[in-house]
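File shown here: query33.txt, holding compact mmCIF, C-alpha atoms.
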# COMPACT_ATOMS: atom_id res chain seq x y z
CA MET A 22 115.81 12.57 15.44
CA ASN A 23 113.86 9.47 14.43
CA ILE A 24 114.83 8.86 10.80
CA PRO A 25 113.18 6.06 8.79
CA LYS A 26 115.32 3.23 7.49
CA LEU A 27 114.78 0.68 4.72
CA PRO A 28 112.89 -1.78 6.98
CA ASP A 29 110.40 1.00 7.79
CA ILE A 30 109.79 1.59 4.09
CA LEU A 31 109.41 -2.15 3.45
CA GLU A 32 106.91 -2.37 6.32
CA ALA A 33 105.02 0.57 4.86
CA ALA A 34 104.97 -1.12 1.44
CA GLU A 35 103.42 -4.23 2.97
CA ARG A 36 100.98 -2.17 5.07
CA ILE A 37 99.55 -0.15 2.17
CA LYS A 38 99.87 -2.54 -0.78
CA SER A 39 96.19 -3.51 -0.75
CA GLN A 40 95.14 0.16 -0.76
CA ILE A 41 97.42 1.76 -3.37
CA HIS A 42 98.11 1.22 -7.05
CA ARG A 43 101.44 -0.25 -8.08
CA THR A 44 102.03 2.37 -10.75
CA PRO A 45 103.63 1.59 -14.12
CA VAL A 46 107.12 2.53 -15.28
CA LEU A 47 107.15 3.96 -18.80
CA THR A 48 109.97 4.58 -21.24
CA CYS A 49 110.18 6.81 -24.31
CA ALA A 50 112.77 6.26 -27.03
CA GLY A 51 112.45 9.85 -28.23
CA LEU A 52 113.22 11.24 -24.78
CA ASP A 53 116.17 8.87 -24.42
CA GLU A 54 117.58 10.05 -27.74
CA GLU A 55 117.11 13.70 -26.81
CA SER A 56 118.66 13.38 -23.35
CA GLY A 57 121.38 10.83 -23.99
CA ALA A 58 120.14 8.83 -20.99
CA GLN A 59 117.79 5.90 -20.51
CA MET A 60 114.79 7.39 -18.69
CA TYR A 61 112.43 5.29 -16.59
CA LEU A 62 109.30 7.24 -15.67
CA LYS A 63 107.56 6.09 -12.47
CA CYS A 64 104.02 7.24 -13.16
CA GLU A 65 102.56 8.37 -9.85
CA ASN A 66 100.10 10.46 -11.86
CA PHE A 67 98.27 7.11 -12.10
CA GLN A 68 98.22 6.68 -8.32
CA LYS A 69 94.91 6.92 -6.44
CA THR A 70 93.95 10.59 -5.92
CA GLY A 71 96.33 11.42 -8.80
CA SER A 72 99.61 11.70 -6.93
CA PHE A 73 102.26 9.89 -4.87
CA LYS A 74 100.87 11.61 -1.77
CA PHE A 75 98.37 8.79 -1.31
CA ARG A 76 101.22 6.47 -0.31
CA GLY A 77 102.32 8.52 2.69
CA ALA A 78 98.79 9.46 3.71
CA SER A 79 97.66 5.82 3.60
CA ASN A 80 100.61 4.72 5.70
CA ALA A 81 100.11 7.48 8.27
CA VAL A 82 96.37 6.84 8.65
CA LYS A 83 96.87 3.09 8.91
CA CYS A 84 99.45 3.66 11.66
CA LEU A 85 96.98 5.56 13.86
CA LYS A 86 95.80 3.80 17.00
CA THR A 87 92.06 3.32 17.33
CA ASP A 88 91.62 6.13 19.87
CA GLU A 89 93.69 8.49 17.71
CA ALA A 90 91.75 7.67 14.57
CA ALA A 91 88.47 8.34 16.34
CA ARG A 92 89.47 12.00 16.66
CA GLY A 93 89.88 12.37 12.90
CA VAL A 94 92.87 13.77 11.04
CA SER A 95 93.96 17.22 9.92
CA THR A 96 96.64 18.85 7.82
CA HIS A 97 97.48 21.83 5.63
CA SER A 98 97.94 21.32 1.91
CA SER A 99 97.92 23.09 -1.45
CA GLY A 100 95.94 20.14 -2.76
CA ASN A 101 97.53 16.76 -3.34
CA HIS A 102 98.30 15.83 0.28
CA GLY A 103 94.90 17.10 1.34
CA ALA A 104 93.09 14.95 -1.21
CA ALA A 105 95.24 11.94 -0.35
CA LEU A 106 94.59 12.33 3.37
CA ALA A 107 90.87 12.83 2.81
CA CYS A 108 90.72 9.64 0.75
CA ALA A 109 92.78 7.61 3.24
CA ALA A 110 90.61 8.91 6.08
CA ALA A 111 87.42 8.04 4.20
CA ILE A 112 88.65 4.47 3.71
CA ARG A 113 89.15 4.20 7.47
CA GLY A 114 85.82 5.90 8.12
CA ILE A 115 87.13 8.95 9.97
CA PRO A 116 86.82 12.71 9.29
CA ALA A 117 89.55 14.77 7.61
CA HIS A 118 90.00 18.52 8.18
CA ILE A 119 92.13 20.17 5.48
CA VAL A 120 93.52 23.72 5.68
CA VAL A 121 93.90 24.97 2.10
CA PRO A 122 95.43 28.23 0.81
CA GLU A 123 92.74 30.37 -0.79
CA ASN A 124 94.67 30.45 -4.09
CA ALA A 125 94.98 26.65 -4.39
CA ALA A 126 93.99 25.19 -7.76
CA GLN A 127 90.23 24.72 -7.89
CA PRO A 128 90.33 21.13 -9.19
CA LYS A 129 92.56 20.16 -6.25
CA GLN A 130 90.10 21.73 -3.81
CA GLU A 131 87.24 19.91 -5.52
CA SER A 132 89.18 16.67 -5.18
CA ILE A 133 89.52 17.16 -1.41
CA LEU A 134 85.77 17.70 -1.14
CA ARG A 135 85.01 14.75 -3.40
CA TYR A 136 86.92 12.44 -1.05
CA GLY A 137 84.98 13.80 1.92
CA GLY A 138 87.50 16.27 3.32
CA GLN A 139 86.31 19.39 5.14
CA ILE A 140 88.12 22.50 3.88
CA THR A 141 89.15 25.56 5.91
CA HIS A 142 90.71 28.30 3.79
CA CYS A 143 93.69 30.43 4.80
CA ALA A 144 96.02 33.04 3.31
CA PRO A 145 98.68 31.61 0.94
CA THR A 146 101.59 31.71 3.41
CA LEU A 147 103.20 28.99 5.52
CA GLU A 148 102.54 31.03 8.66
CA ALA A 149 98.84 31.28 7.81
CA ARG A 150 98.66 27.57 7.08
CA GLU A 151 100.17 26.63 10.43
CA THR A 152 98.16 29.17 12.43
CA THR A 153 94.88 28.11 10.84
CA LEU A 154 95.72 24.43 11.31
CA ALA A 155 96.35 25.04 15.02
CA GLU A 156 92.90 26.65 15.28
CA VAL A 157 91.27 23.68 13.51
CA VAL A 158 93.02 21.20 15.80
CA GLN A 159 91.97 23.15 18.90
CA LYS A 160 88.37 23.12 17.70
CA THR A 161 88.16 19.51 16.49
CA GLY A 162 90.82 17.60 18.42
CA ALA A 163 91.95 16.01 15.15
CA VAL A 164 95.37 14.35 14.86
CA VAL A 165 97.76 16.32 12.65
CA ILE A 166 99.22 14.36 9.71
CA PRO A 167 102.01 16.59 8.37
CA PRO A 168 102.39 16.80 4.59
CA TYR A 169 106.09 15.81 4.55
CA ASN A 170 108.13 16.21 7.76
CA ASP A 171 106.90 13.01 9.37
CA PHE A 172 108.30 9.51 9.92
CA ASN A 173 105.26 7.63 8.58
CA ILE A 174 104.76 10.00 5.64
CA ILE A 175 108.39 9.67 4.55
CA SER A 176 108.25 5.88 4.94
CA GLY A 177 105.14 5.73 2.78
CA GLN A 178 106.55 7.98 0.07
CA GLY A 179 109.67 5.84 -0.12
CA THR A 180 107.58 2.94 -1.41
CA ALA A 181 107.47 4.56 -4.87
CA ALA A 182 111.26 4.30 -5.16
CA PHE A 183 111.12 0.75 -3.78
CA GLU A 184 108.74 -0.32 -6.55
CA LEU A 185 110.87 1.44 -9.18
CA LEU A 186 114.11 -0.21 -8.05
CA GLU A 187 112.39 -3.58 -7.76
CA GLU A 188 111.25 -3.32 -11.37
CA ILE A 189 114.27 -1.64 -13.00
CA GLU A 190 117.62 -3.10 -12.04
CA ASN A 191 120.91 -1.22 -11.86
CA LEU A 192 119.65 2.35 -11.97
CA ASP A 193 122.54 4.80 -11.96
CA ALA A 194 120.53 7.80 -10.78
CA LEU A 195 117.13 8.79 -9.45
CA ILE A 196 115.57 12.25 -9.71
CA ALA A 197 112.63 13.43 -7.60
CA PRO A 198 111.21 16.93 -7.20
CA VAL A 199 111.47 18.59 -3.81
CA GLY A 200 109.02 20.84 -2.00
CA GLY A 201 108.80 19.84 1.65
CA GLY A 202 111.08 16.91 0.87
CA GLY A 203 109.03 13.87 1.93
CA LEU A 204 109.28 12.08 -1.41
CA LEU A 205 112.93 12.92 -1.98
CA SER A 206 113.79 11.82 1.57
CA GLY A 207 111.97 8.50 1.34
CA SER A 208 113.37 7.86 -2.13
CA ALA A 209 116.92 8.59 -0.99
CA ILE A 210 116.73 6.34 2.08
CA CYS A 211 115.31 3.46 0.06
CA ALA A 212 117.51 3.77 -3.00
CA LYS A 213 120.76 4.22 -1.10
CA ALA A 214 120.01 1.18 1.07
CA LEU A 215 119.17 -1.03 -1.89
CA ARG A 216 121.84 0.31 -4.24
CA PRO A 217 124.57 2.28 -2.40
CA GLU A 218 126.27 3.45 -5.60
CA ILE A 219 123.14 5.16 -6.97
CA LYS A 220 123.13 8.96 -7.13
CA ILE A 221 120.05 10.76 -5.84
CA TRP A 222 119.20 14.19 -7.22
CA GLY A 223 116.53 16.64 -6.20
CA ALA A 224 114.85 18.93 -8.73
CA GLU A 225 113.39 22.33 -7.91
CA PRO A 226 112.08 25.47 -9.61
CA GLU A 227 114.50 28.39 -9.66
CA GLN A 228 111.63 30.52 -8.34
CA ALA A 229 111.15 28.21 -5.35
CA ASP A 230 114.74 27.14 -4.70
CA ASP A 231 114.72 27.10 -0.90
CA ALA A 232 115.92 23.47 -0.76
CA LYS A 233 118.92 24.32 -2.93
CA GLN A 234 119.63 27.38 -0.81
CA SER A 235 119.23 25.34 2.36
CA LEU A 236 121.70 22.66 1.27
CA ASP A 237 124.23 25.27 0.19
CA ALA A 238 123.86 27.25 3.44
CA GLY A 239 123.76 24.24 5.77
CA LEU A 240 120.53 25.41 7.42
CA ILE A 241 116.87 25.60 6.46
CA ILE A 242 116.02 28.65 4.34
CA PRO A 243 112.26 29.36 4.32
CA ALA A 244 110.48 29.19 0.99
CA ASN A 245 109.44 32.34 -0.86
CA PRO A 246 107.92 30.70 -3.93
CA ASN A 247 106.61 32.16 -7.15
CA THR A 248 106.28 29.16 -9.41
CA ILE A 249 103.79 27.33 -11.58
CA ALA A 250 104.79 24.15 -9.71
CA ASP A 251 102.24 24.63 -6.94
CA GLY A 252 103.08 21.34 -5.25
CA LEU A 253 106.64 22.53 -4.53
CA GLN A 254 105.91 25.70 -2.60
CA THR A 255 106.65 24.48 0.93
CA SER A 256 109.89 24.60 2.92
CA LEU A 257 111.97 21.66 4.12
CA GLY A 258 111.40 20.45 7.67
CA PRO A 259 114.12 19.43 10.15
CA LEU A 260 113.67 15.73 9.37
CA THR A 261 113.63 16.02 5.59
CA PHE A 262 116.53 18.49 5.63
CA GLU A 263 118.68 16.11 7.65
CA ILE A 264 117.95 13.18 5.32
CA ILE A 265 118.45 15.15 2.12
CA ARG A 266 121.75 16.71 3.09
CA ASN A 267 123.11 13.26 4.04
CA HIS A 268 121.88 11.31 0.99
CA VAL A 269 121.31 13.65 -1.97
CA GLU A 270 124.02 14.70 -4.42
CA ASP A 271 122.55 18.12 -5.12
CA ILE A 272 119.38 20.00 -6.00
CA LEU A 273 119.09 20.85 -9.71
CA THR A 274 117.09 24.00 -10.41
CA VAL A 275 115.10 24.78 -13.54
CA SER A 276 113.31 27.81 -14.96
CA GLU A 277 109.56 28.25 -15.33
CA ALA A 278 109.94 28.03 -19.11
CA GLU A 279 111.82 24.74 -18.77
CA ILE A 280 109.12 23.32 -16.49
CA ILE A 281 106.41 24.22 -18.99
CA GLN A 282 108.38 22.79 -21.90
CA ALA A 283 109.08 19.53 -20.03
CA MET A 284 105.41 19.22 -19.12
CA ARG A 285 104.41 19.73 -22.74
CA THR A 286 107.07 17.27 -23.91
CA ILE A 287 105.74 14.53 -21.62
CA TRP A 288 102.17 15.17 -22.77
CA GLU A 289 103.19 15.03 -26.44
CA ARG A 290 105.72 12.19 -26.36
CA THR A 291 104.20 9.79 -23.82
CA LYS A 292 100.50 10.74 -24.16
CA ILE A 293 100.06 11.04 -20.38
CA ILE A 294 99.00 14.02 -18.27
CA ILE A 295 101.36 15.34 -15.61
CA GLU A 296 101.16 18.50 -13.52
CA PRO A 297 103.92 21.15 -13.45
CA SER A 298 105.48 19.81 -10.22
CA ALA A 299 105.94 16.42 -11.87
CA ALA A 300 107.62 18.01 -14.89
CA VAL A 301 110.38 19.55 -12.78
CA SER A 302 112.42 16.32 -12.63
CA VAL A 303 112.19 15.84 -16.39
CA ALA A 304 113.20 19.46 -16.90
CA ALA A 305 116.23 18.94 -14.67
CA LEU A 306 117.50 15.99 -16.71
CA LEU A 307 116.99 17.88 -19.96
CA ARG A 308 118.74 20.99 -18.59
CA TYR A 309 121.76 19.10 -17.22
CA PRO A 310 122.22 16.23 -19.71
CA LYS A 311 125.98 15.93 -19.16
CA LYS A 312 125.35 14.67 -15.62
CA PHE A 313 123.30 11.75 -16.95
CA ILE A 314 124.66 10.77 -20.40
CA GLY A 315 124.70 7.01 -20.82
CA GLN A 316 123.03 6.40 -17.47
CA LYS A 317 119.86 4.59 -16.46
CA VAL A 318 117.85 7.29 -14.70
CA GLY A 319 114.67 6.80 -12.70
CA ILE A 320 112.32 9.79 -12.63
CA ILE A 321 109.31 9.97 -10.35
CA LEU A 322 106.42 11.71 -12.10
CA THR A 323 104.72 12.87 -8.93
CA GLY A 324 101.17 13.60 -10.07
CA GLY A 325 98.68 14.64 -12.69
CA ASN A 326 96.32 17.01 -10.90
CA LEU A 327 95.91 20.39 -12.56
CA ASP A 328 93.36 22.86 -13.84
CA LEU A 329 92.69 21.98 -17.47
CA ASP A 330 91.13 25.43 -17.97
CA ARG A 331 94.43 27.10 -17.08
CA LEU A 332 97.09 25.20 -19.00
CA PRO A 333 100.43 27.01 -19.35
CA PHE A 334 100.81 26.18 -23.03
Can the structure in the file be given as structure tokens, please?
Amino acid sequence: MNIPKLPDILEAAERIKSQIHRTPVLTCAGLDEESGAQMYLKCENFQKTGSFKFRGASNAVKCLKTDEAARGVSTHSSGNHGAALACAAAIRGIPAHIVVPENAAQPKQESILRYGGQITHCAPTLEARETTLAEVVQKTGAVVIPPYNDFNIISGQGTAAFELLEEIENLDALIAPVGGGGLLSGSAICAKALRPEIKIWGAEPEQADDAKQSLDAGLIIPANPNTIADGLQTSLGPLTFEIIRNHVEDILTVSEAEIIQAMRTIWERTKIIIEPSAAVSVAALLRYPKKFIGQKVGIILTGGNLDLDRLPF
């Protein structure tokens, strides 16, 4: 199994630096007081296309050979990866075919279209996503860029943790949400290589806790999600599972109510917009404060794409 290492993440950082935003790291004294930890919020909600996904998509598209790129790219996505891939493809001047569940948030679908992606709808199941994607690839010949279980995607996502650790020295812990596991995998590889003593934690909704179940069972448990965190509804892949079980302390699960409260808290305290998936890591720290008291904790706020007509509070 070809697992990325720190040099791959550093190469990705150099490859995509002219195309991405170096996102800010924010702090909030009120949140620190409430949690008992020093929280450093890596604001990927300010990334191009509104989420960290643009890092991995940019890296993957830039890594395509000329003949591959000419065929266009394709993927399945609930929104953020699809928009990121569409944008990265548009920059390179190639088509992007995105398979999207029919129940995906409308603003995320509109974002894919705005960046020039061509949408094919499917039923909201992983099986339907993969079957429909296979049909699209057969029809178009497009190169598949997986949303998470991919060497170049993971390497690109790890650049967020690299920037965070470059800016904030001596972090004791890092928390990232986990759906398919690309961000958590890349973050873990990077952080552990740069700072071996750091503890890496995943965060996940209780109602989409397949990563937690998978780690506990020692094998991949398919997702059966029912959560407001629509970006965390996919299952781990073989590559991300292998990385996470070797580098991550544990997966911390949180309730739907805790996700909503954490999202509202970030909006109110920091005056920035995050989506439910991004709030999961904050909710995890607030639910398990004893694990982080007195520590410097990096938290990756993964994105800010959501339907403002359907807020949960």
Show me, as a short mmCIF file (atom, residue, chain, number, x, y, z; two decimals) with C-alpha atoms, keeping the file's coordinate frame, the residues that have an atom within 9 Å of range 51-66 of chain A when counting only C-alpha atoms, minus same-chain residues fewer than 5 positions from it.
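Done, and the output landed in part_15.cif:
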data_model
loop_
_atom_site.label_atom_id
_atom_site.label_comp_id
_atom_site.auth_asym_id
_atom_site.auth_seq_id
_atom_site.Cartn_x
_atom_site.Cartn_y
_atom_site.Cartn_z
CA HIS A 42 98.11 1.22 -7.05
CA ARG A 43 101.44 -0.25 -8.08
CA THR A 44 102.03 2.37 -10.75
CA PRO A 45 103.63 1.59 -14.12
CA VAL A 46 107.12 2.53 -15.28
CA GLY A 71 96.33 11.42 -8.80
CA SER A 72 99.61 11.70 -6.93
CA PHE A 73 102.26 9.89 -4.87
CA LYS A 74 100.87 11.61 -1.77
CA ALA A 181 107.47 4.56 -4.87
CA ALA A 182 111.26 4.30 -5.16
CA GLU A 184 108.74 -0.32 -6.55
CA LEU A 185 110.87 1.44 -9.18
CA ILE A 189 114.27 -1.64 -13.00
CA THR A 286 107.07 17.27 -23.91
CA ILE A 287 105.74 14.53 -21.62
CA ARG A 290 105.72 12.19 -26.36
CA ILE A 293 100.06 11.04 -20.38
CA ILE A 294 99.00 14.02 -18.27
CA ILE A 295 101.36 15.34 -15.61
CA GLU A 296 101.16 18.50 -13.52
CA ALA A 299 105.94 16.42 -11.87
CA LEU A 306 117.50 15.99 -16.71
CA LEU A 307 116.99 17.88 -19.96
CA ARG A 308 118.74 20.99 -18.59
CA TYR A 309 121.76 19.10 -17.22
CA PRO A 310 122.22 16.23 -19.71
CA LYS A 311 125.98 15.93 -19.16
CA PHE A 313 123.30 11.75 -16.95
CA ILE A 314 124.66 10.77 -20.40
CA GLY A 315 124.70 7.01 -20.82
CA GLN A 316 123.03 6.40 -17.47
CA LYS A 317 119.86 4.59 -16.46
CA VAL A 318 117.85 7.29 -14.70
CA GLY A 319 114.67 6.80 -12.70
CA ILE A 320 112.32 9.79 -12.63
CA ILE A 321 109.31 9.97 -10.35
CA LEU A 322 106.42 11.71 -12.10
CA THR A 323 104.72 12.87 -8.93
CA GLY A 324 101.17 13.60 -10.07
CA GLY A 325 98.68 14.64 -12.69
CA ASN A 326 96.32 17.01 -10.90
#
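In this comparison, which uses all atoms listed in the file, the residue of A:Gly77, A:Pro226, A:Gly114, A:Gly239 approaching Asn170 in chain A most closely is A:Gly77.
Here CA of Val120 in chain A is placed at a distance of 25.3 Å from CA of Val301 in chain A.
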Subject >> Within-12 Å shell of (94.7, 10.6, 15.3) in input frame, all atoms listed in the file, as a PyMOL selection string >> reply: chain A and resi 81-96+110+113+115-118+158+161-167
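Compared by their closest atoms to Val269 in chain A, and using all atoms listed in the file, the residues A:Ala283, A:Cys143, A:Leu257, A:Ile196 rank with A:Ile196 nearest.
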**OP:** Please identify all polymer residues lying at most 9 Å from the point (120.8, 9.5, -0.8) (file coordinates), using all atoms listed in the file, and present the result as a count of residues only.
**Re:** 21
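Proximity to Ala278 in chain A was assessed for A:Ser256, A:Thr248, A:Thr291, A:Gln40 counting only C-alpha atoms; the smallest distance is recorded for A:Thr248.
The spacing separating CA of Leu253 in chain A from CA of Pro145 in chain A amounts to 13.3 Å.
The space separating CA of Leu273 in chain A from CA of Ala197 in chain A comes to 10.1 Å.
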Original post:
Leaving out range 124-130 of chain A and any residue of its chain fewer than 6 positions from it, which residues lie within 8 Å of it when counting all atoms listed in the file, given as a ChimeraX atom specification?
Top reply: /A:99-101,104,140,144-145,251,326-328
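Closest to Leu47 in chain A among A:Ile133, A:Leu27, A:Lys292, A:Ala224 is A:Lys292, based on all atoms listed in the file.
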Original post:
Taking into account only C-alpha atoms, which residue in the set A:Thr70, A:Leu240, A:Gln234, A:Gly179 is nearest to Glu131 in chain A?
Top reply: A:Thr70
**OP:** Show which residues sit within 8 Å of Lys233 in chain A, as a ChimeraX atom specification. Count all atoms listed in the file, and ignore same-chain residues fewer than 2 positions away.
**Re:** /A:225,230-231,235-237,271-274
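Residues with any atom within 9 Å of Gln282 in chain A, counting all atoms listed in the file and excluding same-chain neighbours fewer than 6 positions away, are Ala300, Ala304 and Phe334 of chain A.
Using all atoms listed in the file, the nearest neighbour of Asn173 in chain A within the list A:Ser79, A:Ser39, A:Ser302, A:Gln68 is A:Ser79.
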Please, could N, CA and C atoms be added to range 39-59 of chain A and the result written as a short mmCIF file (atom, residue, chain, number, x, y, z; two decimals), in the coordinates of the input?
data_model
loop_
_atom_site.label_atom_id
_atom_site.label_comp_id
_atom_site.auth_asym_id
_atom_site.auth_seq_id
_atom_site.Cartn_x
_atom_site.Cartn_y
_atom_site.Cartn_z
N SER A 39 97.56 -3.18 -0.34
CA SER A 39 96.19 -3.51 -0.75
C SER A 39 95.37 -2.25 -1.03
N GLN A 40 95.90 -1.09 -0.66
CA GLN A 40 95.14 0.16 -0.76
C GLN A 40 95.61 1.05 -1.90
N ILE A 41 96.86 0.89 -2.34
CA ILE A 41 97.42 1.76 -3.37
C ILE A 41 97.50 1.04 -4.71
N HIS A 42 97.77 1.80 -5.75
CA HIS A 42 98.11 1.22 -7.05
C HIS A 42 99.62 1.02 -7.13
N ARG A 43 100.04 -0.10 -7.69
CA ARG A 43 101.44 -0.25 -8.08
C ARG A 43 101.55 0.40 -9.46
N THR A 44 102.08 1.58 -9.52
CA THR A 44 102.03 2.37 -10.75
C THR A 44 103.04 1.88 -11.79
N PRO A 45 102.74 2.08 -13.07
CA PRO A 45 103.63 1.59 -14.12
C PRO A 45 104.89 2.43 -14.27
N VAL A 46 105.89 1.83 -14.90
CA VAL A 46 107.12 2.53 -15.28
C VAL A 46 107.16 2.58 -16.80
N LEU A 47 107.16 3.78 -17.35
CA LEU A 47 107.15 3.96 -18.80
C LEU A 47 108.52 4.40 -19.31
N THR A 48 108.78 4.09 -20.56
CA THR A 48 109.97 4.58 -21.24
C THR A 48 109.55 5.29 -22.52
N CYS A 49 110.46 6.07 -23.08
CA CYS A 49 110.18 6.81 -24.31
C CYS A 49 111.48 6.94 -25.10
N ALA A 50 111.54 6.26 -26.22
CA ALA A 50 112.77 6.26 -27.03
C ALA A 50 113.16 7.66 -27.47
N GLY A 51 112.17 8.49 -27.80
CA GLY A 51 112.45 9.85 -28.23
C GLY A 51 113.10 10.67 -27.14
N LEU A 52 112.62 10.53 -25.90
CA LEU A 52 113.22 11.24 -24.78
C LEU A 52 114.63 10.73 -24.49
N ASP A 53 114.83 9.42 -24.62
CA ASP A 53 116.17 8.87 -24.42
C ASP A 53 117.15 9.45 -25.44
N GLU A 54 116.72 9.52 -26.69
CA GLU A 54 117.58 10.05 -27.74
C GLU A 54 117.91 11.52 -27.48
N GLU A 55 116.91 12.28 -27.06
CA GLU A 55 117.11 13.70 -26.81
C GLU A 55 118.04 13.95 -25.62
N SER A 56 117.91 13.14 -24.59
CA SER A 56 118.66 13.38 -23.35
C SER A 56 120.01 12.68 -23.31
N GLY A 57 120.15 11.61 -24.06
CA GLY A 57 121.38 10.83 -23.99
C GLY A 57 121.39 9.85 -22.84
N ALA A 58 120.27 9.76 -22.11
CA ALA A 58 120.14 8.83 -20.99
C ALA A 58 118.97 7.88 -21.24
N GLN A 59 118.94 6.78 -20.49
CA GLN A 59 117.79 5.90 -20.51
C GLN A 59 116.88 6.33 -19.37
#
